[in-house]
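Text of upload.cif (mmCIF, C-alpha atoms and all ligand atoms) as supplied:
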```
data_work
#
loop_
_atom_site.label_atom_id
_atom_site.label_comp_id
_atom_site.auth_asym_id
_atom_site.auth_seq_id
_atom_site.Cartn_x
_atom_site.Cartn_y
_atom_site.Cartn_z
CA MET I 11 60.45 123.67 8.89
CA GLU I 12 61.00 120.58 6.84
CA HIS I 13 64.66 120.69 7.70
CA LEU I 14 63.82 120.85 11.39
CA THR I 15 61.54 117.82 11.18
CA LYS I 16 64.29 115.88 9.43
CA ILE I 17 66.76 116.77 12.14
CA LYS I 18 64.26 115.64 14.76
CA GLU I 19 63.56 112.33 13.00
CA GLN I 20 67.25 111.68 12.48
CA ALA I 21 67.98 112.44 16.15
CA LYS I 22 65.13 110.21 17.29
CA THR I 23 66.37 107.24 15.24
CA GLU I 24 69.92 107.62 16.46
CA ILE I 25 68.94 108.12 20.10
CA GLU I 26 66.72 105.03 20.10
CA ALA I 27 69.45 102.94 18.53
CA CYS I 28 72.00 104.14 21.04
CA GLU I 29 73.12 101.36 23.38
CA ASP I 30 75.36 103.03 25.93
CA ASN I 31 75.54 106.26 27.89
CA ALA I 32 78.89 107.41 26.47
CA SER I 33 77.57 107.38 22.90
CA LEU I 34 74.39 109.04 24.12
CA GLN I 35 76.51 111.86 25.50
CA GLN I 36 78.13 112.16 22.07
CA LEU I 37 74.71 112.42 20.48
CA ARG I 38 73.76 115.19 22.89
CA ILE I 39 76.81 117.19 21.85
CA LEU I 40 76.23 116.35 18.21
CA TYR I 41 72.63 117.57 18.16
CA LEU I 42 72.39 120.17 20.85
CA GLY I 43 75.97 121.44 21.00
CA LYS I 44 77.20 124.75 19.69
CA LYS I 45 78.16 123.26 16.36
CA GLY I 46 75.03 121.14 16.14
CA PRO I 47 72.29 121.38 13.49
CA ILE I 48 69.87 123.15 15.86
CA GLN I 49 72.37 125.89 16.49
CA GLU I 50 72.93 126.08 12.75
CA VAL I 51 69.24 126.60 12.17
CA MET I 52 69.14 129.22 14.93
CA LYS I 53 71.83 131.12 13.12
CA THR I 54 69.61 131.49 10.07
CA MET I 55 67.04 133.36 12.16
CA LYS I 56 68.75 136.67 11.65
CA ASP I 57 68.04 136.35 7.92
CA LEU I 58 64.30 136.31 8.56
CA PRO I 59 62.03 139.31 8.69
CA LYS I 60 61.64 140.56 12.26
CA GLU I 61 58.00 139.55 12.74
CA GLU I 62 58.66 135.94 11.77
CA ARG I 63 61.52 135.53 14.17
CA PRO I 64 59.58 134.80 17.42
CA ALA I 65 57.49 131.99 15.82
CA PHE I 66 60.59 130.55 14.19
CA GLY I 67 62.53 130.72 17.45
CA ALA I 68 59.68 128.99 19.28
CA GLN I 69 59.62 126.16 16.74
CA VAL I 70 63.36 125.62 16.93
CA ASN I 71 63.16 125.61 20.72
CA GLU I 72 60.36 123.09 20.67
CA VAL I 73 62.42 120.71 18.55
CA LYS I 74 65.38 121.29 20.80
CA ASN I 75 63.28 120.45 23.84
CA GLU I 76 61.88 117.36 22.19
CA ILE I 77 65.35 116.07 21.37
CA SER I 78 66.46 116.90 24.88
CA GLN I 79 63.57 114.92 26.28
CA LEU I 80 64.31 111.97 24.03
CA LEU I 81 67.89 112.03 25.28
CA GLU I 82 66.73 112.08 28.90
CA GLU I 83 64.35 109.20 28.42
CA ARG I 84 66.98 107.15 26.69
CA LYS I 85 69.45 108.00 29.43
CA THR I 86 67.15 106.65 32.10
CA ILE I 87 66.59 103.42 30.15
CA LEU I 88 70.31 102.94 29.55
CA GLU I 89 71.24 103.68 33.14
CA GLU I 90 68.82 101.09 34.37
CA LYS I 91 70.11 98.58 31.86
CA GLU I 92 73.69 99.26 32.86
CA MET I 93 72.86 98.89 36.50
CA LEU I 94 71.24 95.53 35.90
CA GLU I 95 74.23 94.40 33.88
CA THR I 96 76.65 95.44 36.62
CA MET I 97 74.56 93.68 39.21
CA GLU I 98 74.58 90.54 37.12
CA GLN I 99 78.33 90.73 36.53
CA GLU I 100 79.21 91.48 40.11
CA ARG I 101 76.92 88.94 41.62
CA ILE I 102 78.66 87.02 44.38
CA ASP I 103 77.60 83.48 45.10
CA ILE I 104 77.52 83.45 48.87
CA THR I 105 76.26 79.88 49.06
CA LEU I 106 78.66 77.10 49.93
CA SER I 107 78.06 73.81 48.25
CA GLY I 108 76.68 71.49 50.92
CA TYR I 109 77.47 67.98 51.97
CA ARG I 110 75.22 65.36 50.51
CA PRO I 111 73.42 63.87 53.51
CA HIS I 112 74.39 60.29 54.05
CA MET I 113 71.36 58.06 53.86
CA GLY I 114 71.66 55.21 56.29
CA ASN I 115 69.75 52.00 55.99
CA MET I 116 68.22 49.41 58.17
CA HIS I 117 70.25 46.48 59.39
CA PRO I 118 69.27 43.23 57.63
CA LEU I 119 68.25 41.70 60.97
CA MET I 120 65.94 44.66 61.57
CA ILE I 121 64.47 44.24 58.09
CA VAL I 122 63.67 40.58 58.76
CA GLN I 123 62.33 41.35 62.24
CA GLN I 124 59.99 43.97 60.81
CA GLU I 125 58.86 41.62 58.06
CA LEU I 126 58.03 39.01 60.67
CA GLU I 127 56.20 41.61 62.73
CA ASP I 128 54.20 42.66 59.68
CA ILE I 129 53.22 39.07 58.92
CA PHE I 130 52.05 38.38 62.47
CA ILE I 131 50.42 41.74 63.05
CA GLY I 132 48.44 40.89 59.90
CA LEU I 133 47.26 37.75 61.71
CA GLY I 134 46.14 39.78 64.72
CA TYR I 135 49.15 39.31 66.97
CA GLN I 136 50.56 41.87 69.41
CA VAL I 137 54.31 42.55 69.52
CA ALA I 138 55.83 42.36 73.02
CA GLU I 139 59.27 43.08 74.43
CA GLY I 140 60.93 42.25 77.70
CA PRO I 141 64.18 42.77 79.62
CA GLU I 142 67.45 41.34 78.30
CA VAL I 143 68.72 40.88 81.86
CA GLU I 144 66.15 38.37 82.98
CA CYS I 145 65.51 36.56 86.22
CA ASP I 146 65.83 32.84 86.60
CA LEU I 147 62.08 32.61 87.21
CA TYR I 148 60.95 33.67 83.74
CA ASN I 149 63.91 32.39 81.77
CA PHE I 150 63.89 28.88 83.25
CA GLU I 151 61.45 27.99 85.99
CA ARG I 152 58.23 29.22 84.39
CA ALA I 153 59.37 27.49 81.19
CA ASN I 154 59.29 24.22 83.07
CA ILE I 155 63.06 24.05 83.54
CA PRO I 156 63.49 23.76 87.34
CA LYS I 157 66.73 24.49 89.16
CA ASP I 158 69.34 21.78 88.72
CA HIS I 159 67.48 20.28 85.79
CA PRO I 160 70.00 18.95 83.25
CA ALA I 161 68.08 20.69 80.44
CA ARG I 162 69.58 23.95 81.69
CA ASP I 163 72.96 22.82 80.39
CA MET I 164 71.67 23.20 76.85
CA GLN I 165 71.29 26.91 77.45
CA ASP I 166 74.08 27.55 79.89
CA THR I 167 74.67 31.25 79.82
CA PHE I 168 75.97 34.52 81.23
CA PHE I 169 74.85 35.00 84.82
CA ILE I 170 74.82 38.49 86.28
CA ASN I 171 74.34 37.07 89.79
CA ALA I 172 72.71 33.95 91.28
CA GLU I 173 69.23 35.04 90.22
CA GLU I 174 69.78 37.14 87.10
CA LEU I 175 71.15 36.26 83.72
CA LEU I 176 71.21 37.44 80.13
CA ARG I 177 68.09 35.77 78.77
CA THR I 178 68.81 32.63 76.78
CA HIS I 179 65.61 32.79 74.77
CA THR I 180 62.70 35.15 74.23
CA THR I 181 60.56 32.41 75.79
CA ALA I 182 61.20 34.47 78.93
CA VAL I 183 59.13 37.28 77.40
CA GLN I 184 56.40 34.77 76.58
CA MET I 185 56.31 33.67 80.22
CA ARG I 186 55.90 37.28 81.30
CA GLN I 187 53.16 37.79 78.73
CA LEU I 188 51.33 34.63 79.87
CA GLU I 189 51.31 35.92 83.45
CA LYS I 190 50.20 39.41 82.37
CA TYR I 191 47.35 38.13 80.22
CA HIS I 192 46.18 35.84 83.01
CA GLU I 193 46.16 38.73 85.47
CA GLU I 194 44.16 40.81 83.00
CA GLY I 195 41.69 37.94 82.62
CA LYS I 196 42.13 37.73 78.84
CA GLU I 197 40.71 34.68 77.07
CA LEU I 198 42.83 34.79 73.96
CA ILE I 199 46.54 35.53 73.72
CA LYS I 200 48.29 36.12 70.41
CA VAL I 201 51.70 37.63 70.80
CA ILE I 202 55.15 37.59 69.24
CA CYS I 203 58.33 38.46 71.12
CA PRO I 204 61.31 39.52 69.02
CA GLY I 205 64.63 40.41 70.60
CA LYS I 206 68.26 39.67 71.45
CA VAL I 207 69.23 36.55 73.35
CA TYR I 208 72.50 35.22 74.76
CA ARG I 209 73.89 31.73 75.14
CA ARG I 210 77.17 30.04 75.65
CA ASP I 211 77.68 28.72 72.16
CA ASP I 212 80.31 27.98 69.56
CA ASP I 213 81.29 31.10 67.66
CA ASP I 214 81.42 29.82 64.12
CA ALA I 215 79.81 30.53 60.74
CA THR I 216 76.34 29.53 61.97
CA HIS I 217 76.50 30.11 65.74
CA SER I 218 76.99 33.15 67.91
CA HIS I 219 76.86 33.70 71.67
CA GLN I 220 74.48 36.60 70.98
CA PHE I 221 71.73 36.38 68.41
CA MET I 222 68.13 37.34 67.79
CA GLN I 223 64.92 35.40 68.12
CA CYS I 224 61.32 35.90 67.29
CA GLU I 225 59.06 33.70 69.34
CA GLY I 226 55.31 33.45 69.13
CA LEU I 227 52.61 32.41 71.53
CA VAL I 228 48.92 31.68 71.16
CA VAL I 229 46.67 30.61 74.05
CA GLY I 230 42.92 30.18 74.02
CA LYS I 231 40.09 27.66 73.90
CA ASP I 232 40.66 24.63 71.64
CA ILE I 233 43.97 25.75 70.18
CA GLN I 234 45.40 22.71 68.40
CA LEU I 235 48.51 21.47 66.65
CA SER I 236 46.78 22.05 63.31
CA ASP I 237 46.48 25.77 64.19
CA LEU I 238 50.22 25.85 64.72
CA LYS I 239 50.81 24.13 61.42
CA GLY I 240 48.52 26.49 59.52
CA THR I 241 50.14 29.55 61.11
CA LEU I 242 53.69 28.45 60.37
CA SER I 243 52.80 27.35 56.86
CA PHE I 244 51.37 30.83 56.19
CA MET I 245 54.47 32.48 57.65
CA ALA I 246 56.83 30.31 55.54
CA LYS I 247 55.01 31.22 52.33
CA LYS I 248 55.08 34.92 53.16
CA MET I 249 58.75 34.81 54.07
CA PHE I 250 60.15 32.42 51.47
CA GLY I 251 57.61 32.34 48.66
CA ASP I 252 54.17 30.96 47.82
CA LYS I 253 55.41 27.52 46.80
CA ARG I 254 56.96 26.72 50.18
CA ILE I 255 55.58 23.87 52.24
CA ILE I 256 56.53 22.90 55.79
CA ARG I 257 56.99 19.65 57.64
CA PHE I 258 57.06 18.77 61.34
CA ARG I 259 59.63 16.47 62.91
CA PRO I 260 59.31 15.29 66.51
CA SER I 261 61.56 17.12 68.95
CA TYR I 262 61.94 18.02 72.58
CA PHE I 263 61.59 21.26 74.51
CA GLN I 264 60.84 21.44 78.21
CA PHE I 265 58.06 23.98 77.78
CA THR I 266 56.16 22.30 74.95
CA GLU I 267 54.53 18.89 74.59
CA PRO I 268 54.43 17.55 71.95
CA SER I 269 57.40 19.44 70.53
CA VAL I 270 58.38 19.72 66.90
CA GLU I 271 61.21 20.92 64.73
CA VAL I 272 59.88 22.72 61.66
CA ASP I 273 61.46 22.51 58.20
CA VAL I 274 60.58 24.57 55.12
CA SER I 275 61.01 23.18 51.61
CA CYS I 276 64.18 24.69 50.19
CA HIS I 277 63.55 28.02 48.46
CA ILE I 278 66.72 27.69 46.37
CA CYS I 279 66.17 24.29 44.72
CA GLY I 280 62.45 23.95 45.41
CA GLY I 281 63.03 20.68 47.26
CA LYS I 282 65.24 18.79 44.80
CA GLY I 283 68.35 19.14 46.92
CA CYS I 284 71.18 21.69 46.70
CA HIS I 285 74.12 22.98 48.75
CA VAL I 286 71.90 25.30 50.82
CA CYS I 287 69.63 22.48 52.03
CA LYS I 288 72.61 20.10 52.04
CA GLY I 289 70.91 17.86 49.51
CA THR I 290 67.86 17.17 51.67
CA GLY I 291 65.37 19.58 50.05
CA TRP I 292 64.44 20.86 53.53
CA ILE I 293 65.72 23.66 55.72
CA GLU I 294 65.18 23.69 59.46
CA ILE I 295 63.92 27.08 60.58
CA LEU I 296 62.38 26.79 64.00
CA GLY I 297 61.29 24.91 67.08
CA ALA I 298 57.68 24.78 68.22
CA GLY I 299 55.05 22.80 70.07
CA MET I 300 51.90 22.78 72.16
CA ILE I 301 52.48 24.64 75.43
CA HIS I 302 53.18 22.21 78.27
CA PRO I 303 50.32 22.10 80.81
CA ASN I 304 52.81 22.86 83.60
CA VAL I 305 53.70 26.15 81.90
CA LEU I 306 50.03 27.17 81.64
CA GLU I 307 49.39 26.19 85.27
CA MET I 308 52.43 28.07 86.58
CA ALA I 309 51.14 31.24 84.88
CA GLY I 310 47.77 30.69 86.57
CA PHE I 311 45.73 29.18 83.72
CA ASP I 312 43.58 26.05 84.00
CA SER I 313 45.26 23.71 81.54
CA THR I 314 42.07 21.64 81.21
CA LYS I 315 40.23 24.70 79.88
CA VAL I 316 42.79 26.43 77.66
CA SER I 317 45.55 25.25 75.41
CA GLY I 318 48.07 26.93 73.21
CA PHE I 319 51.07 26.70 70.96
CA ALA I 320 54.45 28.38 70.88
CA PHE I 321 57.18 28.66 68.31
CA GLY I 322 60.60 30.24 68.21
CA MET I 323 62.94 31.04 65.36
CA GLY I 324 66.34 32.63 64.97
CA ILE I 325 66.14 35.87 63.03
CA GLU I 326 69.73 35.45 61.77
CA ARG I 327 68.85 32.05 60.38
CA VAL I 328 65.85 33.43 58.49
CA ALA I 329 67.95 36.35 57.18
CA MET I 330 70.79 34.03 56.12
CA LEU I 331 68.39 31.84 54.18
CA LYS I 332 66.49 34.71 52.67
CA TYR I 333 69.52 36.68 51.51
CA GLY I 334 71.97 33.82 50.90
CA ILE I 335 74.41 34.90 53.63
CA ASP I 336 76.86 32.17 54.61
CA ASP I 337 78.47 33.59 57.75
CA ILE I 338 76.45 34.73 60.77
CA ARG I 339 79.36 36.97 61.84
CA SER I 340 78.66 39.27 58.87
CA PHE I 341 75.71 40.63 60.84
CA TYR I 342 77.85 41.83 63.73
CA THR I 343 81.13 43.07 62.28
CA ASN I 344 79.76 46.35 60.91
CA ASP I 345 81.39 46.06 57.52
CA LEU I 346 79.72 48.83 55.53
CA ARG I 347 80.22 46.97 52.24
CA PHE I 348 77.95 44.25 53.65
CA LEU I 349 75.45 46.52 55.34
CA LYS I 350 75.00 48.80 52.33
CA MET I 351 73.77 45.88 50.25
CA PHE I 352 70.53 46.21 52.16
CA ASN I 353 70.03 49.87 51.28
CA ARG I 354 66.70 50.04 49.55
CA PHE I 355 67.01 53.76 48.81
CA GLU I 356 70.06 53.74 46.54
N1 LIG I 401 62.96 28.70 73.12
C1 LIG I 401 63.41 27.76 72.14
C2 LIG I 401 64.88 28.02 71.86
O1 LIG I 401 65.38 29.03 72.22
C3 LIG I 401 62.64 27.85 70.87
C4 LIG I 401 61.20 27.46 71.04
C5 LIG I 401 60.28 28.39 71.35
C6 LIG I 401 60.79 26.15 70.92
C7 LIG I 401 58.95 28.08 71.51
C8 LIG I 401 59.49 25.79 71.07
C9 LIG I 401 58.54 26.75 71.37
O2 LIG I 401 65.53 27.17 71.30
#
```
Same coordinates, now as structure tokens:
Amino acid sequence: MEHLTKIKEQAKTEIEACEDNASLQQLRILYLGKKGPIQEVMKTMKDLPKEERPAFGAQVNEVKNEISQLLEERKTILEEKEMLETMEQERIDITLSGYRPHMGNMHPLMIVQQELEDIFIGLGYQVAEGPEVECDLYNFERANIPKDHPARDMQDTFFINAEELLRTHTTAVQMRQLEKYHEEGKELIKVICPGKVYRRDDDDATHSHQFMQCEGLVVGKDIQLSDLKGTLSFMAKKMFGDKRIIRFRPSYFQFTEPSVEVDVSCHICGGKGCHVCKGTGWIEILGAGMIHPNVLEMAGFDSTKVSGFAFGMGIERVAMLKYGIDDIRSFYTNDLRFLKMFNRFE
């Protein structure tokens, strides 16, 4: 009996330590085979008295069955383990490494345009757009530049036909907006008009026959030059830094009276004079003025009751100053090395 228990214990230890099916098979032969210890014990049965034999045989069989069961259990565990190992080894990576998506970025002119829009939307302005192929009426006549007026020469441009042209300034959009607001009976107009414009011009480092403008227009009761100054001063600080101040110089535009040229104190040298401001401490950024009474009247307003101001700036000019770009052509030649400098995601 003791011997049987030992055999069982021994078998149990070895079976549990067994790590692969082939060795397990060996153990089966070793313990349960013809030459195994169980068989050996069985052989001794004939030496026992007859009446003890059935009980003895039953005990031996029980141990045999127990070992057999242990072997089965271990077999199941090992088979599962082997299957998992094979699956792991034979795993096929069916994925293909992907392409990293190329992250584009906004064009610097778009960035500046949106910054301007943000500033003016913050002041309660609407943003308006209009057609790039414009008619003579809105581009010139409503802006107080009648046919054959010599002032037209300043903005000689690309005519599509006798009446239509590529707009020379976004003032054309302002003229459309003035008319629209008057028709809607609105008392206060606050609108900016960003967009592309076209002019016969020199094509050099600071001029282009196609460029972008952002013009602004305010009309209402008692709108004064000081309102214009306050608005532009606020815009200059937002765009070029808190320390910036502005100054007005007298100028001439057909659609404004009085008209001014607006300079901002240089954001590079702070006003002392440097190569960017050409030693003057000031940088010219836009034209502006109080809307000419003729312009208000032509749009239907009573110029004795309402007044307004308008301003217009070149978006390229603002971008060049802000980012220190010295050639306007960089904006149009699509050189990725230039454009990627404005990627705010990398
Ligand atoms: N339209 C003018 C230009 O293109 C700019 C401007 C707009 C000036 C509004 C005064 C008022 O040069």
Report task. Find, counting only C-alpha atoms, the residue in I:Ser317, I:Asp212, I:Asp336, I:Pro204 that gets nearest to Leu238 of chain I. Result -> I:Ser317
All residues having an atom within 8 Å of ligand LIG 401 (chain I) (all atoms listed in the file) as a PDB file with C-alpha atoms, keeping the file's coordinate frame:
```pdb
ATOM      1  CA  THR I 178      68.810  32.630  76.780  1.00  0.00           C
ATOM      2  CA  HIS I 179      65.610  32.790  74.770  1.00  0.00           C
ATOM      3  CA  THR I 180      62.700  35.150  74.230  1.00  0.00           C
ATOM      4  CA  THR I 181      60.560  32.410  75.790  1.00  0.00           C
ATOM      5  CA  GLN I 223      64.920  35.400  68.120  1.00  0.00           C
ATOM      6  CA  GLU I 225      59.060  33.700  69.340  1.00  0.00           C
ATOM      7  CA  GLY I 226      55.310  33.450  69.130  1.00  0.00           C
ATOM      8  CA  LEU I 227      52.610  32.410  71.530  1.00  0.00           C
ATOM      9  CA  PHE I 263      61.590  21.260  74.510  1.00  0.00           C
ATOM     10  CA  PHE I 265      58.060  23.980  77.780  1.00  0.00           C
ATOM     11  CA  THR I 266      56.160  22.300  74.950  1.00  0.00           C
ATOM     12  CA  SER I 269      57.400  19.440  70.530  1.00  0.00           C
ATOM     13  CA  VAL I 270      58.380  19.720  66.900  1.00  0.00           C
ATOM     14  CA  LEU I 296      62.380  26.790  64.000  1.00  0.00           C
ATOM     15  CA  GLY I 297      61.290  24.910  67.080  1.00  0.00           C
ATOM     16  CA  ALA I 298      57.680  24.780  68.220  1.00  0.00           C
ATOM     17  CA  GLY I 299      55.050  22.800  70.070  1.00  0.00           C
ATOM     18  CA  MET I 300      51.900  22.780  72.160  1.00  0.00           C
ATOM     19  CA  ILE I 301      52.480  24.640  75.430  1.00  0.00           C
ATOM     20  CA  PHE I 319      51.070  26.700  70.960  1.00  0.00           C
ATOM     21  CA  ALA I 320      54.450  28.380  70.880  1.00  0.00           C
ATOM     22  CA  PHE I 321      57.180  28.660  68.310  1.00  0.00           C
ATOM     23  CA  GLY I 322      60.600  30.240  68.210  1.00  0.00           C
ATOM     24  CA  MET I 323      62.940  31.040  65.360  1.00  0.00           C
TER      25      MET I 323
END
```
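Among the candidate residues I:Phe352, I:Tyr41, I:Phe341, I:Phe168, the one lying nearest to Thr216 of chain I is I:Phe341, with distances computed using all atoms listed in the file.
Distance annotation: of I:Ile325, I:His285, I:Pro160, I:Ile170, the residue with the minimal separation from Lys206 of chain I is I:Ile325; atom set is only C-alpha atoms.
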Report summary line: Counting only C-alpha atoms, closest pick from I:Cys28, I:Arg327, I:Ser218, I:Thr167 relative to Arg84 of chain I is I:Cys28
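Atom CA of Glu98 of chain I is positioned 27.5 Å from atom CA of Leu37 of chain I.
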Query raised in the report: Using only C-alpha atoms, which of the listed residues (I:Pro260, I:Gly310, I:Gly67, I:Gly132) sits closest to Met185 of chain I?
Result: I:Gly310
Please produce segment 127-150 of chain I, completed to N, CA, C and O atoms, as a PDB file, in the frame of the given file.
```
ATOM      1  N   GLU I 127      57.229  40.870  61.983  1.00  0.00           N
ATOM      2  CA  GLU I 127      56.200  41.610  62.730  1.00  0.00           C
ATOM      3  C   GLU I 127      55.007  41.915  61.836  1.00  0.00           C
ATOM      4  O   GLU I 127      53.854  41.739  62.238  1.00  0.00           O
ATOM      5  N   ASP I 128      55.292  42.338  60.604  1.00  0.00           N
ATOM      6  CA  ASP I 128      54.200  42.660  59.680  1.00  0.00           C
ATOM      7  C   ASP I 128      53.314  41.440  59.422  1.00  0.00           C
ATOM      8  O   ASP I 128      52.090  41.532  59.404  1.00  0.00           O
ATOM      9  N   ILE I 129      53.986  40.285  59.208  1.00  0.00           N
ATOM     10  CA  ILE I 129      53.220  39.070  58.920  1.00  0.00           C
ATOM     11  C   ILE I 129      52.287  38.746  60.100  1.00  0.00           C
ATOM     12  O   ILE I 129      51.092  38.504  59.927  1.00  0.00           O
ATOM     13  N   PHE I 130      52.864  38.797  61.323  1.00  0.00           N
ATOM     14  CA  PHE I 130      52.050  38.380  62.470  1.00  0.00           C
ATOM     15  C   PHE I 130      51.041  39.441  62.916  1.00  0.00           C
ATOM     16  O   PHE I 130      49.952  39.105  63.385  1.00  0.00           O
ATOM     17  N   ILE I 131      51.412  40.698  62.738  1.00  0.00           N
ATOM     18  CA  ILE I 131      50.420  41.740  63.050  1.00  0.00           C
ATOM     19  C   ILE I 131      49.216  41.550  62.123  1.00  0.00           C
ATOM     20  O   ILE I 131      48.063  41.683  62.526  1.00  0.00           O
ATOM     21  N   GLY I 132      49.513  41.173  60.866  1.00  0.00           N
ATOM     22  CA  GLY I 132      48.440  40.890  59.900  1.00  0.00           C
ATOM     23  C   GLY I 132      47.536  39.759  60.358  1.00  0.00           C
ATOM     24  O   GLY I 132      46.375  39.675  59.957  1.00  0.00           O
ATOM     25  N   LEU I 133      48.078  38.863  61.200  1.00  0.00           N
ATOM     26  CA  LEU I 133      47.260  37.750  61.710  1.00  0.00           C
ATOM     27  C   LEU I 133      46.635  38.101  63.069  1.00  0.00           C
ATOM     28  O   LEU I 133      46.073  37.235  63.738  1.00  0.00           O
ATOM     29  N   GLY I 134      46.786  39.351  63.475  1.00  0.00           N
ATOM     30  CA  GLY I 134      46.140  39.780  64.720  1.00  0.00           C
ATOM     31  C   GLY I 134      46.972  39.636  65.970  1.00  0.00           C
ATOM     32  O   GLY I 134      46.450  39.682  67.084  1.00  0.00           O
ATOM     33  N   TYR I 135      48.291  39.451  65.791  1.00  0.00           N
ATOM     34  CA  TYR I 135      49.150  39.310  66.970  1.00  0.00           C
ATOM     35  C   TYR I 135      49.573  40.672  67.515  1.00  0.00           C
ATOM     36  O   TYR I 135      49.627  41.655  66.781  1.00  0.00           O
ATOM     37  N   GLN I 136      49.914  40.708  68.799  1.00  0.00           N
ATOM     38  CA  GLN I 136      50.560  41.870  69.410  1.00  0.00           C
ATOM     39  C   GLN I 136      52.070  41.627  69.369  1.00  0.00           C
ATOM     40  O   GLN I 136      52.512  40.487  69.313  1.00  0.00           O
ATOM     41  N   VAL I 137      52.856  42.697  69.432  1.00  0.00           N
ATOM     42  CA  VAL I 137      54.310  42.550  69.520  1.00  0.00           C
ATOM     43  C   VAL I 137      54.721  42.957  70.939  1.00  0.00           C
ATOM     44  O   VAL I 137      54.370  44.042  71.395  1.00  0.00           O
ATOM     45  N   ALA I 138      55.452  42.055  71.640  1.00  0.00           N
ATOM     46  CA  ALA I 138      55.830  42.360  73.020  1.00  0.00           C
ATOM     47  C   ALA I 138      57.342  42.289  73.197  1.00  0.00           C
ATOM     48  O   ALA I 138      58.017  41.521  72.523  1.00  0.00           O
ATOM     49  N   GLU I 139      57.845  43.118  74.108  1.00  0.00           N
ATOM     50  CA  GLU I 139      59.270  43.080  74.430  1.00  0.00           C
ATOM     51  C   GLU I 139      59.447  42.847  75.913  1.00  0.00           C
ATOM     52  O   GLU I 139      58.503  43.026  76.700  1.00  0.00           O
ATOM     53  N   GLY I 140      60.665  42.469  76.280  1.00  0.00           N
ATOM     54  CA  GLY I 140      60.930  42.250  77.700  1.00  0.00           C
ATOM     55  C   GLY I 140      62.390  42.540  77.985  1.00  0.00           C
ATOM     56  O   GLY I 140      63.147  42.856  77.063  1.00  0.00           O
ATOM     57  N   PRO I 141      62.793  42.425  79.260  1.00  0.00           N
ATOM     58  CA  PRO I 141      64.180  42.770  79.620  1.00  0.00           C
ATOM     59  C   PRO I 141      65.198  41.754  79.092  1.00  0.00           C
ATOM     60  O   PRO I 141      64.894  40.559  78.993  1.00  0.00           O
ATOM     61  N   GLU I 142      66.399  42.264  78.752  1.00  0.00           N
ATOM     62  CA  GLU I 142      67.450  41.340  78.300  1.00  0.00           C
ATOM     63  C   GLU I 142      68.170  40.726  79.504  1.00  0.00           C
ATOM     64  O   GLU I 142      68.670  39.619  79.432  1.00  0.00           O
ATOM     65  N   VAL I 143      68.239  41.490  80.611  1.00  0.00           N
ATOM     66  CA  VAL I 143      68.720  40.880  81.860  1.00  0.00           C
ATOM     67  C   VAL I 143      67.473  40.333  82.533  1.00  0.00           C
ATOM     68  O   VAL I 143      66.604  41.079  82.963  1.00  0.00           O
ATOM     69  N   GLU I 144      67.393  39.026  82.575  1.00  0.00           N
ATOM     70  CA  GLU I 144      66.150  38.370  82.980  1.00  0.00           C
ATOM     71  C   GLU I 144      66.376  37.635  84.298  1.00  0.00           C
ATOM     72  O   GLU I 144      67.521  37.323  84.661  1.00  0.00           O
ATOM     73  N   CYS I 145      65.293  37.359  85.018  1.00  0.00           N
ATOM     74  CA  CYS I 145      65.510  36.560  86.220  1.00  0.00           C
ATOM     75  C   CYS I 145      65.266  35.084  85.925  1.00  0.00           C
ATOM     76  O   CYS I 145      64.564  34.718  84.984  1.00  0.00           O
ATOM     77  N   ASP I 146      65.891  34.291  86.738  1.00  0.00           N
ATOM     78  CA  ASP I 146      65.830  32.840  86.600  1.00  0.00           C
ATOM     79  C   ASP I 146      64.392  32.348  86.456  1.00  0.00           C
ATOM     80  O   ASP I 146      64.085  31.468  85.664  1.00  0.00           O
ATOM     81  N   LEU I 147      63.480  33.012  87.196  1.00  0.00           N
ATOM     82  CA  LEU I 147      62.080  32.610  87.210  1.00  0.00           C
ATOM     83  C   LEU I 147      61.481  32.535  85.802  1.00  0.00           C
ATOM     84  O   LEU I 147      60.919  31.521  85.411  1.00  0.00           O
ATOM     85  N   TYR I 148      61.599  33.638  85.056  1.00  0.00           N
ATOM     86  CA  TYR I 148      60.950  33.670  83.740  1.00  0.00           C
ATOM     87  C   TYR I 148      61.763  32.952  82.663  1.00  0.00           C
ATOM     88  O   TYR I 148      61.206  32.382  81.731  1.00  0.00           O
ATOM     89  N   ASN I 149      63.102  33.012  82.803  1.00  0.00           N
ATOM     90  CA  ASN I 149      63.910  32.390  81.770  1.00  0.00           C
ATOM     91  C   ASN I 149      63.849  30.861  81.853  1.00  0.00           C
ATOM     92  O   ASN I 149      63.804  30.182  80.833  1.00  0.00           O
ATOM     93  N   PHE I 150      63.837  30.337  83.089  1.00  0.00           N
ATOM     94  CA  PHE I 150      63.890  28.880  83.250  1.00  0.00           C
ATOM     95  C   PHE I 150      62.674  28.284  83.956  1.00  0.00           C
ATOM     96  O   PHE I 150      61.970  27.456  83.384  1.00  0.00           O
TER      97      PHE I 150
END
```
